[in-house]
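Enquirer: The structure file query-v8.txt (compact mmCIF, C-alpha atoms and all ligand atoms) is provided below.
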```txt
# COMPACT_ATOMS: atom_id res chain seq x y z
CA MET A 49 107.95 31.37 -46.84
CA ASP A 50 110.19 33.62 -48.81
CA HIS A 51 111.13 31.12 -51.43
CA LEU A 52 109.22 30.41 -54.54
CA ARG A 53 107.24 27.24 -54.93
CA ASN A 54 105.86 27.91 -58.37
CA CYS A 55 109.05 27.57 -60.38
CA ALA A 56 107.90 28.62 -63.82
CA ARG A 57 108.18 32.36 -63.52
CA LEU A 58 111.50 32.63 -61.77
CA THR A 59 113.25 32.57 -65.10
CA ILE A 60 111.14 35.45 -66.39
CA VAL A 61 111.40 37.96 -63.57
CA ALA A 62 114.68 39.13 -62.09
CA LEU A 63 115.56 37.50 -58.80
CA THR A 64 116.09 40.79 -57.04
CA LEU A 65 112.63 41.92 -58.06
CA PHE A 66 111.21 38.77 -56.56
CA THR A 67 112.87 39.39 -53.25
CA SER A 68 111.55 42.88 -52.96
CA LEU A 69 108.02 42.05 -54.03
CA SER A 70 107.28 38.78 -52.35
CA ALA A 71 105.37 38.70 -49.11
CA THR A 72 108.44 37.59 -47.28
CA ALA A 73 108.86 37.01 -43.57
CA ALA A 74 112.53 37.98 -43.75
CA ARG A 75 113.79 41.48 -44.65
CA PRO A 76 116.21 41.74 -47.56
CA GLY A 77 119.71 41.21 -46.29
CA GLN A 78 118.50 39.67 -43.05
CA ARG A 79 120.37 36.52 -42.13
CA MET A 80 118.04 33.65 -41.40
CA PRO A 81 118.50 29.97 -40.56
CA ILE A 82 117.48 27.60 -43.33
CA LEU A 83 117.35 23.89 -43.97
CA THR A 84 118.38 22.77 -47.42
CA ASP A 85 119.92 20.01 -49.51
CA ALA A 86 123.59 19.64 -48.49
CA ARG A 87 124.68 19.05 -52.10
CA LEU A 88 122.82 22.10 -53.31
CA LEU A 89 124.49 24.26 -50.66
CA HIS A 90 127.87 22.84 -51.52
CA ALA A 91 127.28 23.53 -55.22
CA VAL A 92 126.81 27.24 -54.55
CA GLY A 93 129.82 27.40 -52.25
CA ILE A 94 128.02 28.22 -48.99
CA THR A 95 129.37 26.59 -45.84
CA PRO A 96 126.70 25.08 -43.60
CA VAL A 97 126.68 25.50 -39.82
CA THR A 98 126.15 21.77 -39.62
CA GLN A 99 124.83 18.98 -41.78
CA ASP A 100 123.45 15.51 -41.59
CA TYR A 101 125.23 13.23 -44.03
CA VAL A 102 122.68 10.43 -43.89
CA SER A 103 119.67 12.51 -44.89
CA GLY A 104 121.83 14.90 -46.97
CA THR A 105 120.30 17.91 -45.22
CA ALA A 106 122.25 21.02 -44.26
CA TYR A 107 121.56 23.80 -41.73
CA ALA A 108 122.92 27.19 -42.70
CA ILE A 109 122.45 30.84 -41.82
CA VAL A 110 122.15 32.90 -44.97
CA ASP A 111 121.11 36.32 -46.19
CA SER A 112 118.52 37.03 -48.86
CA ARG A 113 121.09 37.20 -51.66
CA GLN A 114 122.37 33.75 -50.74
CA ARG A 115 118.82 32.44 -50.58
CA GLU A 116 118.29 33.68 -54.14
CA ILE A 117 121.44 31.90 -55.27
CA ILE A 118 120.24 28.66 -53.67
CA THR A 119 116.83 28.96 -55.34
CA ALA A 120 118.44 29.70 -58.72
CA LYS A 121 120.63 26.60 -58.39
CA ALA A 122 117.62 24.52 -57.35
CA HIS A 123 115.89 25.66 -60.54
CA GLU A 124 118.94 24.79 -62.60
CA TRP A 125 118.62 21.31 -61.12
CA GLY A 126 114.96 21.18 -62.06
CA ARG A 127 113.69 21.60 -58.52
CA CYS A 128 111.38 24.08 -56.86
CA GLY A 129 112.16 26.46 -53.97
CA GLY A 130 115.10 24.58 -52.56
CA TYR A 131 115.06 25.43 -48.86
CA GLU A 132 112.94 25.77 -45.76
CA LEU A 133 113.14 29.01 -43.82
CA LEU A 134 113.28 28.16 -40.13
CA VAL A 135 110.98 30.97 -39.08
CA ASN A 136 110.70 29.85 -35.51
CA GLY A 137 114.44 30.11 -35.06
CA ASP A 138 114.68 26.35 -34.64
CA SER A 139 118.16 25.32 -33.53
CA PRO A 140 120.32 22.79 -35.38
CA ASN A 141 119.88 20.54 -32.35
CA TYR A 142 116.16 20.59 -32.84
CA VAL A 143 116.26 19.90 -36.54
CA PHE A 144 119.03 17.30 -36.42
CA GLY A 145 118.96 15.86 -32.90
CA GLY A 146 115.83 13.91 -33.63
CA LEU A 147 117.03 12.93 -37.07
CA GLN A 148 120.20 11.34 -35.78
CA MET A 149 118.36 9.38 -33.15
CA MET A 150 115.84 8.18 -35.71
CA GLN A 151 118.62 7.06 -38.03
CA MET A 152 120.44 5.13 -35.30
CA GLN A 153 117.25 3.40 -34.35
CA ASN A 154 116.42 2.69 -37.97
CA THR A 155 119.75 1.03 -38.52
CA ALA A 156 119.56 -1.03 -35.35
CA PHE A 157 116.00 -2.05 -36.05
CA MET A 158 116.59 -2.99 -39.67
CA ARG A 159 119.43 -5.29 -38.59
CA SER A 160 117.28 -7.08 -36.05
CA PRO A 161 115.26 -10.19 -36.87
CA ARG A 162 112.16 -8.35 -35.67
CA PHE A 163 112.38 -6.18 -38.73
CA LEU A 164 111.59 -8.97 -41.16
CA ALA A 165 108.44 -9.80 -39.24
CA PHE A 166 107.45 -6.17 -39.16
CA ALA A 167 108.00 -5.41 -42.82
CA GLN A 168 106.30 -8.56 -44.05
CA VAL A 169 102.76 -8.09 -45.31
CA ASP A 170 100.49 -11.13 -45.58
CA GLU A 171 97.72 -10.65 -48.10
CA ASN A 172 94.37 -10.42 -46.43
CA GLU A 173 91.02 -10.72 -48.22
CA LEU A 174 89.26 -8.18 -46.04
CA ILE A 175 91.90 -5.56 -46.80
CA LYS A 176 91.82 -6.39 -50.51
CA ARG A 177 88.07 -5.93 -50.60
CA ALA A 178 88.29 -2.64 -48.71
CA VAL A 179 91.00 -1.33 -51.04
CA SER A 180 88.90 -2.21 -54.09
CA GLN A 181 86.16 0.12 -52.86
CA VAL A 182 88.23 3.25 -53.43
CA SER A 183 86.40 5.35 -56.01
CA ALA A 184 88.18 7.73 -58.38
CA SER A 185 84.91 9.53 -59.11
CA ASN A 186 84.34 10.18 -55.39
CA LEU A 187 87.80 11.73 -55.34
CA LYS A 188 86.98 13.90 -58.30
CA SER A 189 83.88 15.32 -56.67
CA MET A 190 85.70 15.97 -53.38
CA VAL A 191 88.65 17.69 -55.04
CA SER A 192 86.27 19.85 -57.05
CA TRP A 193 84.35 20.72 -53.88
CA LEU A 194 87.46 21.67 -51.88
CA SER A 195 89.03 23.59 -54.75
CA SER A 196 85.86 25.63 -55.24
CA TYR A 197 86.56 27.76 -52.14
CA PRO A 198 88.28 31.03 -53.16
CA ASP A 199 91.11 29.97 -50.88
CA ARG A 200 91.79 27.85 -47.82
CA TYR A 201 94.56 30.16 -46.65
CA ASN A 202 95.26 30.26 -42.91
CA ARG A 203 95.76 34.04 -43.05
CA GLY A 204 92.77 34.61 -45.33
CA GLU A 205 89.50 36.33 -44.46
CA THR A 206 87.65 33.11 -43.69
CA PRO A 207 90.34 30.64 -42.61
CA ASN A 208 87.82 28.21 -41.13
CA LYS A 209 84.89 28.17 -43.54
CA HIS A 210 86.04 25.03 -45.34
CA VAL A 211 87.22 23.52 -42.04
CA GLN A 212 83.74 23.89 -40.57
CA ASP A 213 82.15 22.43 -43.71
CA LEU A 214 84.45 19.41 -43.67
CA TYR A 215 83.74 18.98 -39.95
CA GLU A 216 80.01 18.75 -40.71
CA LYS A 217 80.66 16.27 -43.48
CA LEU A 218 82.83 14.09 -41.23
CA LYS A 219 80.17 14.09 -38.50
CA GLU A 220 77.60 12.97 -41.01
CA MET A 221 79.89 10.20 -42.24
CA ALA A 222 80.63 9.00 -38.70
CA SER A 223 76.95 8.89 -37.80
CA GLY A 224 76.47 6.10 -40.34
CA SER A 225 79.16 3.91 -38.75
CA SER A 226 78.95 1.43 -35.89
CA LEU A 227 82.55 2.10 -34.85
CA PRO A 228 83.47 4.24 -31.81
CA VAL A 229 84.49 7.47 -33.54
CA GLN A 230 85.35 10.86 -32.14
CA ILE A 231 85.82 14.00 -34.21
CA ASP A 232 87.80 16.94 -32.85
CA VAL A 233 88.37 20.49 -33.97
CA ILE A 234 91.89 21.39 -32.85
CA ASP A 235 92.75 24.99 -31.94
CA HIS A 236 96.22 26.35 -32.53
CA LYS A 237 98.40 28.99 -30.90
CA SER A 238 100.23 29.95 -34.09
CA THR A 239 97.19 30.48 -36.35
CA PRO A 240 93.45 31.09 -36.06
CA GLN A 241 92.90 28.26 -38.52
CA LYS A 242 91.90 24.94 -36.98
CA SER A 243 92.91 21.36 -37.70
CA LEU A 244 90.51 18.42 -37.74
CA ARG A 245 91.04 14.95 -36.30
CA VAL A 246 88.98 11.79 -36.60
CA HIS A 247 89.78 9.21 -33.94
CA ILE A 248 88.63 5.60 -34.42
CA GLN A 249 89.11 3.91 -31.09
CA GLY A 250 91.20 0.71 -31.13
CA LYS A 251 89.67 -2.43 -29.67
CA SER A 252 92.48 -4.12 -27.73
CA ARG A 253 95.30 -1.53 -27.85
CA PRO A 254 93.61 1.87 -28.07
CA ASN A 255 96.75 3.68 -26.89
CA GLU A 256 98.67 2.59 -29.94
CA ILE A 257 97.92 5.03 -32.75
CA VAL A 258 98.24 4.67 -36.51
CA ALA A 259 98.11 8.23 -37.86
CA MET A 260 97.44 9.59 -41.33
CA GLY A 261 97.17 13.20 -42.44
CA GLY A 262 97.40 15.92 -45.02
CA HIS A 263 97.07 19.69 -45.02
CA LEU A 264 93.72 21.20 -45.80
CA ASP A 265 94.97 24.77 -46.29
CA SER A 266 96.07 26.34 -49.58
CA ILE A 267 98.10 29.39 -50.59
CA ASN A 268 98.63 31.72 -53.54
CA GLN A 269 102.22 32.89 -53.82
CA SER A 270 101.82 34.68 -57.15
CA TRP A 271 103.67 37.96 -57.41
CA PHE A 272 101.35 39.84 -59.68
CA GLY A 273 97.65 40.21 -60.25
CA ALA A 274 94.71 40.91 -58.03
CA ASN A 275 93.44 37.38 -58.32
CA LYS A 276 94.58 35.81 -55.10
CA LYS A 277 92.51 32.69 -55.54
CA ALA A 278 94.14 29.59 -54.13
CA PRO A 279 92.12 26.61 -55.34
CA GLY A 280 94.88 24.19 -54.30
CA ALA A 281 93.36 21.25 -56.17
CA ASP A 282 96.55 19.24 -56.20
CA ASP A 283 98.12 21.02 -53.20
CA ASN A 284 96.37 19.70 -51.22
CA ALA A 285 92.69 19.10 -51.92
CA SER A 286 93.98 15.85 -53.45
CA GLY A 287 95.60 14.38 -50.32
CA SER A 288 92.77 15.73 -48.15
CA SER A 289 90.24 13.98 -50.38
CA ASN A 290 92.26 10.76 -50.37
CA LEU A 291 91.86 10.75 -46.59
CA ILE A 292 88.10 11.45 -46.71
CA GLU A 293 87.65 8.59 -49.17
CA ALA A 294 89.81 6.25 -47.05
CA LEU A 295 87.76 7.21 -43.99
CA ARG A 296 84.50 6.40 -45.79
CA ILE A 297 85.77 2.86 -46.32
CA LEU A 298 87.41 2.43 -42.91
CA LEU A 299 84.16 3.40 -41.17
CA GLN A 300 82.53 0.30 -42.68
CA GLN A 301 85.25 -2.10 -41.48
CA PRO A 302 85.52 -4.11 -38.25
CA GLN A 303 86.96 -2.19 -35.31
CA PRO A 304 90.78 -2.17 -35.57
CA GLU A 305 92.97 -3.38 -32.68
CA ARG A 306 94.89 -0.11 -32.64
CA SER A 307 93.38 3.37 -32.79
CA ILE A 308 93.37 5.09 -36.17
CA GLU A 309 93.68 8.87 -36.35
CA ILE A 310 93.17 10.96 -39.47
CA PHE A 311 94.25 14.62 -39.52
CA TRP A 312 93.47 17.54 -41.80
CA TYR A 313 96.11 20.06 -40.76
CA ALA A 314 95.91 23.85 -40.58
CA GLY A 315 98.50 26.31 -41.89
CA GLU A 316 100.97 23.91 -43.50
CA GLU A 317 101.67 26.43 -46.24
CA SER A 318 102.72 29.02 -43.65
CA GLY A 319 105.33 26.72 -42.11
CA LEU A 320 103.79 23.38 -41.04
CA LEU A 321 101.94 25.25 -38.27
CA GLY A 322 99.13 22.84 -37.39
CA SER A 323 101.15 19.64 -37.56
CA ALA A 324 104.07 21.16 -35.63
CA GLU A 325 101.78 21.94 -32.67
CA ILE A 326 99.99 18.61 -32.83
CA ALA A 327 103.14 16.49 -33.06
CA SER A 328 104.82 18.35 -30.22
CA VAL A 329 101.75 17.96 -27.99
CA TYR A 330 101.71 14.24 -28.79
CA ARG A 331 105.39 14.01 -27.89
CA SER A 332 104.96 15.91 -24.63
CA GLN A 333 102.12 13.57 -23.69
CA ASN A 334 104.25 10.62 -24.79
CA ARG A 335 101.53 9.36 -27.07
CA ASP A 336 102.38 6.09 -28.76
CA VAL A 337 102.15 6.82 -32.49
CA VAL A 338 103.27 3.69 -34.32
CA GLY A 339 103.52 5.28 -37.77
CA VAL A 340 102.39 8.38 -39.65
CA LEU A 341 101.32 8.51 -43.30
CA GLN A 342 101.44 11.94 -44.97
CA LEU A 343 99.48 12.64 -48.15
CA ASP A 344 100.33 15.94 -49.83
CA MET A 345 99.84 16.19 -53.63
CA THR A 346 98.62 13.04 -55.35
CA LEU A 347 96.90 14.22 -58.53
CA HIS A 348 99.63 14.90 -61.06
CA PRO A 349 101.41 11.79 -62.38
CA GLY A 350 104.59 13.54 -63.54
CA GLU A 351 106.57 10.31 -63.89
CA GLY A 352 103.64 8.48 -65.52
CA GLU A 353 100.41 6.98 -64.29
CA PHE A 354 100.84 4.80 -61.18
CA VAL A 355 104.47 5.81 -60.69
CA ILE A 356 104.75 7.34 -57.23
CA ALA A 357 107.71 8.68 -55.28
CA SER A 358 108.52 7.69 -51.73
CA MET A 359 110.25 10.62 -50.04
CA THR A 360 113.39 9.55 -48.23
CA ASP A 361 114.04 12.59 -46.05
CA PHE A 362 112.14 13.15 -42.79
CA THR A 363 110.73 9.65 -43.16
CA SER A 364 111.78 6.33 -41.63
CA ALA A 365 113.66 3.78 -43.73
CA TRP A 366 111.92 0.82 -42.15
CA LEU A 367 108.50 2.30 -42.73
CA ARG A 368 109.41 2.81 -46.39
CA GLU A 369 110.45 -0.82 -46.61
CA TYR A 370 107.16 -1.87 -45.05
CA PHE A 371 105.38 0.40 -47.53
CA ALA A 372 107.04 -1.38 -50.47
CA ASN A 373 105.54 -4.67 -49.26
CA LEU A 374 102.16 -3.11 -48.54
CA ASN A 375 102.16 -1.70 -52.05
CA SER A 376 102.96 -5.09 -53.63
CA ALA A 377 100.18 -6.76 -51.68
CA TYR A 378 97.40 -4.23 -52.14
CA VAL A 379 98.16 -1.32 -54.46
CA GLY A 380 100.47 -2.19 -57.35
CA ALA A 381 102.08 1.19 -57.94
CA LYS A 382 105.62 1.56 -59.19
CA ILE A 383 107.61 3.18 -56.40
CA VAL A 384 110.63 5.37 -57.07
CA GLU A 385 112.55 7.33 -54.45
CA ASP A 386 113.14 11.05 -54.17
CA ARG A 387 113.78 13.68 -51.53
CA CYS A 388 112.64 17.21 -50.80
CA GLY A 389 115.90 18.41 -49.23
CA TYR A 390 114.01 20.24 -46.47
CA GLY A 391 110.93 19.72 -44.31
CA CYS A 392 108.53 20.15 -47.21
CA SER A 393 105.36 18.91 -45.54
CA ASP A 394 103.75 17.80 -42.27
CA HIS A 395 105.56 14.48 -42.05
CA ALA A 396 108.62 16.54 -41.02
CA SER A 397 106.76 17.75 -37.92
CA TRP A 398 106.18 14.18 -36.75
CA HIS A 399 109.66 13.07 -37.67
CA ARG A 400 111.17 15.98 -35.73
CA ASN A 401 109.27 14.81 -32.69
CA GLY A 402 110.65 11.31 -33.02
CA TYR A 403 107.73 9.62 -34.76
CA PRO A 404 108.20 7.33 -37.78
CA ALA A 405 106.73 8.87 -40.94
CA LEU A 406 106.09 7.93 -44.55
CA MET A 407 105.40 10.21 -47.49
CA PRO A 408 104.35 8.83 -50.86
CA PHE A 409 104.18 11.66 -53.40
CA GLU A 410 102.59 12.14 -56.84
CA SER A 411 105.89 12.07 -58.77
CA LYS A 412 109.53 12.94 -58.49
CA MET A 413 110.22 16.56 -57.56
CA ARG A 414 111.52 17.28 -61.07
CA SER A 415 108.17 16.39 -62.66
CA MET A 416 105.78 17.63 -59.99
CA ASN A 417 102.84 19.90 -60.72
CA ASN A 418 104.22 23.32 -61.57
CA ASN A 419 100.95 25.18 -61.00
CA ILE A 420 100.82 24.79 -57.23
CA HIS A 421 100.54 27.94 -55.10
CA THR A 422 98.85 29.79 -57.97
CA GLU A 423 95.29 30.29 -59.19
CA LYS A 424 96.11 27.66 -61.81
CA ASP A 425 96.17 24.75 -59.36
CA VAL A 426 92.78 23.49 -60.53
CA ILE A 427 91.47 20.24 -61.97
CA ASN A 428 92.74 20.17 -65.56
CA ALA A 429 93.70 17.79 -68.35
CA ASP A 430 96.75 16.60 -66.37
CA SER A 431 94.71 15.67 -63.30
CA ASN A 432 94.54 11.91 -62.97
CA PHE A 433 92.07 10.55 -60.45
CA ALA A 434 93.01 6.92 -61.07
CA HIS A 435 96.56 7.87 -60.12
CA SER A 436 95.30 9.75 -57.07
CA ALA A 437 93.12 6.77 -56.10
CA MET A 438 96.31 4.81 -55.42
CA PHE A 439 96.93 7.04 -52.43
CA SER A 440 93.54 6.31 -50.89
CA LYS A 441 94.32 2.63 -51.39
CA ILE A 442 97.61 3.13 -49.60
CA ALA A 443 95.77 4.84 -46.73
CA VAL A 444 93.16 2.07 -46.43
CA ALA A 445 95.82 -0.66 -46.51
CA PHE A 446 98.10 1.23 -44.10
CA ALA A 447 95.29 1.72 -41.56
CA MET A 448 93.96 -1.83 -41.80
CA ASP A 449 97.29 -3.67 -41.88
CA LEU A 450 99.28 -1.61 -39.37
CA GLY A 451 96.13 -0.97 -37.34
CA ASN A 452 95.61 -4.68 -36.75
CA SER A 453 99.21 -5.71 -36.33
CA ASN A 454 101.40 -6.29 -33.28
CA ALA A 455 104.43 -5.08 -35.13
CA ARG A 456 106.10 -1.98 -33.91
CA ALA A 457 109.39 -0.27 -34.32
CA PRO A 458 111.28 1.51 -31.58
CA SER A 459 109.81 4.91 -30.90
CA PRO A 460 112.42 7.28 -29.46
CA ARG A 461 111.75 9.47 -26.47
CA ARG A 462 113.36 12.85 -26.87
N1 LIG B 501 102.85 20.32 -51.19
C1 LIG B 501 103.97 21.10 -50.82
C2 LIG B 501 105.15 20.27 -50.47
C3 LIG B 501 105.91 19.57 -51.50
C4 LIG B 501 106.51 20.24 -52.51
C5 LIG B 501 106.13 18.24 -51.34
C6 LIG B 501 107.29 19.56 -53.38
C7 LIG B 501 106.92 17.56 -52.20
C8 LIG B 501 107.49 18.23 -53.24
C9 LIG B 501 103.69 21.88 -49.55
O1 LIG B 501 102.37 22.26 -49.44
C10 LIG B 501 104.54 23.11 -49.52
O2 LIG B 501 104.34 23.96 -50.33
N2 LIG B 501 105.50 23.18 -48.61
C11 LIG B 501 106.37 24.29 -48.47
C12 LIG B 501 107.24 24.16 -47.25
C13 LIG B 501 106.60 24.57 -45.96
C14 LIG B 501 107.61 24.46 -44.83
C15 LIG B 501 106.00 25.96 -46.00
C16 LIG B 501 107.32 24.39 -49.65
O3 LIG B 501 107.76 23.35 -50.13
O4 LIG B 501 107.62 25.50 -50.06
ZN ZN B 502 102.08 23.83 -50.88
```
Let's see the structure in the file written out as structure tokens.
Expert:
Amino acid sequence: MDHLRNCARLTIVALTLFTSLSATAARPGQRMPILTDARLLHAVGITPVTQDYVSGTAYAIVDSRQREIITAKAHEWGRCGGYELLVNGDSPNYVFGGLQMMQMQNTAFMRSPRFLAFAQVDENELIKRAVSQVSASNLKSMVSWLSSYPDRYNRGETPNKHVQDLYEKLKEMASGSSLPVQIDVIDHKSTPQKSLRVHIQGKSRPNEIVAMGGHLDSINQSWFGANKKAPGADDNASGSSNLIEALRILLQQPQPERSIEIFWYAGEESGLLGSAEIASVYRSQNRDVVGVLQLDMTLHPGEGEFVIASMTDFTSAWLREYFANLNSAYVGAKIVEDRCGYGCSDHASWHRNGYPALMPFESKMRSMNNNIHTEKDVINADSNFAHSAMFSKIAVAFAMDLGNSNARAPSPRR
């Protein structure tokens, strides 16, 4: 990534200095394809190659100077980086083709009577009891464990140390469960770092998959200083821990009708690497993924405790509607909407491959944790584990409700 995630220091150091010092994939002056917020691009007077009016996302080819201007405007608007560099040279067809199809299907589906049945959530005692078992203090110890590695960087010296340790922990957890569980270490072509997957086999419809995931890697994008520690407590030991805690509870539940899969992705911070490979393999094998929940940053309640944002880009409208009902039945958070303006996390990989995704986030973008991607992303006075616990509750409810339901939305074949 050649844009800055940690916003705070952009105002201090000259933009040109940043460009020349950052570990950028693109050379200064080099024109590169990016994905960004259409309004942001318009505001700085750059014409996109193409844009998608429904999601408000624009595809443009810009040089480093223009990228700086976009980032500066994003900061003016109280946002971070502002764009996604399409390092793999992804075509507009790739980034938008899927989006348009998803939107058409969303609209058609939400008009159909089937939608009401799908989005409805009937309160269930078993799910309520499971949700009540989520422990904020378990989360605290897991986030402090994961953030104690010097880094979890995919290009670091030991990109798989923490992956191996989590693998051992997951095996141990699964051994105490009577459910049919398989744990896989997933190799990647684009990075030596590995992803992890826990598969809980469904009873009657094992081919239907309810997926949940978050990235396990971390990054330090600081410009100065020898300290390249990347504790990544919020980004994303928090979401990773939410999934471990949800798994602990799910392993003690009756076998679900559908299969449940939980992912800890590799190399998200270097461009969604792990999830991009996984989602495209799933698509090429035509795997039937009913819905995907992404958890990335859940620890910093920037809009207030229990106020969470539901990201509206690279997610499916009907799944967000379902989520609102799931939340009323089992979680009780206040949901507000926001958008990244680019594929800011692994949900975008699934969405691009035609799978319905959902991304609840710690706050609105404007009030998100400003310490991410630095050595300062540690547990501190702002960390709120009760807030974070909401996201494990969402995961437990999502897996148990969707995992035992017949409801499904159209899943496009690309
Ligand atoms: N946790 C962030 C994503 C994020 C940031 C979500 C702000 C919502 C709001 C993630 O780990 C990240 O840093 N993503 C990259 C993009 C990716 C394509 C490298 C980013 O936003 O710079
Ligand atoms: Zn990040």
Enquirer: Can you pull out every residue within 10 Å of Ile356 in chain A, counting all atoms listed in the file, but drop anything in the same chain fewer than 6 positions away, and send it as a list in words?
Expert: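 The neighbour list is Thr346, His348, Pro349, Gly350, Ala381, Lys382, Ile383, Val384, Glu385, Asp386, Pro408, Phe409, Glu410, Ser411, Lys412, His435, Ser436, Met438 and Phe439 of chain A.
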Enquirer: Just want the 10 Å neighbourhood of Leu214 in chain A, counted on all atoms listed in the file, with same-chain residues fewer than 4 positions away dropped. Output as a PyMOL selection string.
Expert: chain A and resi 194+208-210+218-220+244+264+292+312
Enquirer: Include C-alpha atoms and write out the residues we just selected as a PDB file, in the frame of the given file.
Expert:
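Result file is part.pdb:
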```pdb
ATOM      1  CA  LEU A 194      87.460  21.670 -51.880  1.00  0.00           C
ATOM      2  CA  ASN A 208      87.820  28.210 -41.130  1.00  0.00           C
ATOM      3  CA  LYS A 209      84.890  28.170 -43.540  1.00  0.00           C
ATOM      4  CA  HIS A 210      86.040  25.030 -45.340  1.00  0.00           C
ATOM      5  CA  LEU A 218      82.830  14.090 -41.230  1.00  0.00           C
ATOM      6  CA  LYS A 219      80.170  14.090 -38.500  1.00  0.00           C
ATOM      7  CA  GLU A 220      77.600  12.970 -41.010  1.00  0.00           C
ATOM      8  CA  LEU A 244      90.510  18.420 -37.740  1.00  0.00           C
ATOM      9  CA  LEU A 264      93.720  21.200 -45.800  1.00  0.00           C
ATOM     10  CA  ILE A 292      88.100  11.450 -46.710  1.00  0.00           C
ATOM     11  CA  TRP A 312      93.470  17.540 -41.800  1.00  0.00           C
TER      12      TRP A 312
END
```
Enquirer: Excluding Lys237 in chain A and its own-chain neighbours fewer than 5 positions away, which residues fall within 10 Å of it when counting only C-alpha atoms? Please give them as a CSV table (one decimal) with C-alpha atoms, keeping the file's coordinate frame.
Expert:
```csv
chain,number,residue,atom,x,y,z
A,242,LYS,CA,91.9,24.9,-37.0
A,321,LEU,CA,101.9,25.2,-38.3
A,322,GLY,CA,99.1,22.8,-37.4
A,325,GLU,CA,101.8,21.9,-32.7
```
Enquirer: Taking (101.9, 25.3, -36.7) in the file's coordinates, which residues come within 12 Å, counting only C-alpha atoms, written as number ranges by chain?
Expert: A: 135-136, 202, 234-243, 263, 265, 313-329, 393-394, 396-398
Enquirer: Which of these residues is nearest to ligand LIG 501 (chain B), using only C-alpha atoms and all ligand atoms: A:Asn375, A:Ser453, A:Gln333, A:Gln269?
Expert: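 Of all the options, A:Gln269 lies closest to ligand LIG 501 (chain B).
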Enquirer: Just how far from CA of Met448 in chain A is CA of Glu256 in chain A, in Å to one decimal?
Expert: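 Interatomic distance, CA of Glu256 in chain A to CA of Met448 in chain A: 13.5 Å.
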Enquirer: Have a look at CA of Pro198 in chain A and CA of Gly280 in chain A and let me know their distance in Å, one decimal.
Expert: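 Computing the Euclidean distance for CA of Pro198 in chain A and CA of Gly280 in chain A yields 9.6 Å.
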Enquirer: Up to 9 Å from (122.5, 30.8, -55.5) in the file's coordinates: name the residues, counting only C-alpha atoms, as a list of chain:residue names.
Expert: A:Leu88, A:Leu89, A:Ala91, A:Val92, A:Gly93, A:Ile94, A:Arg113, A:Gln114, A:Arg115, A:Glu116, A:Ile117, A:Ile118, A:Thr119, A:Ala120, A:Lys121, A:Ala122
Enquirer: Quick one: residues within 7 Å of ligand ZN 502 (chain B), with all atoms listed in the file, as a VMD selection string?
Expert: chain A and resid 266 to 267 283 317 420 to 421
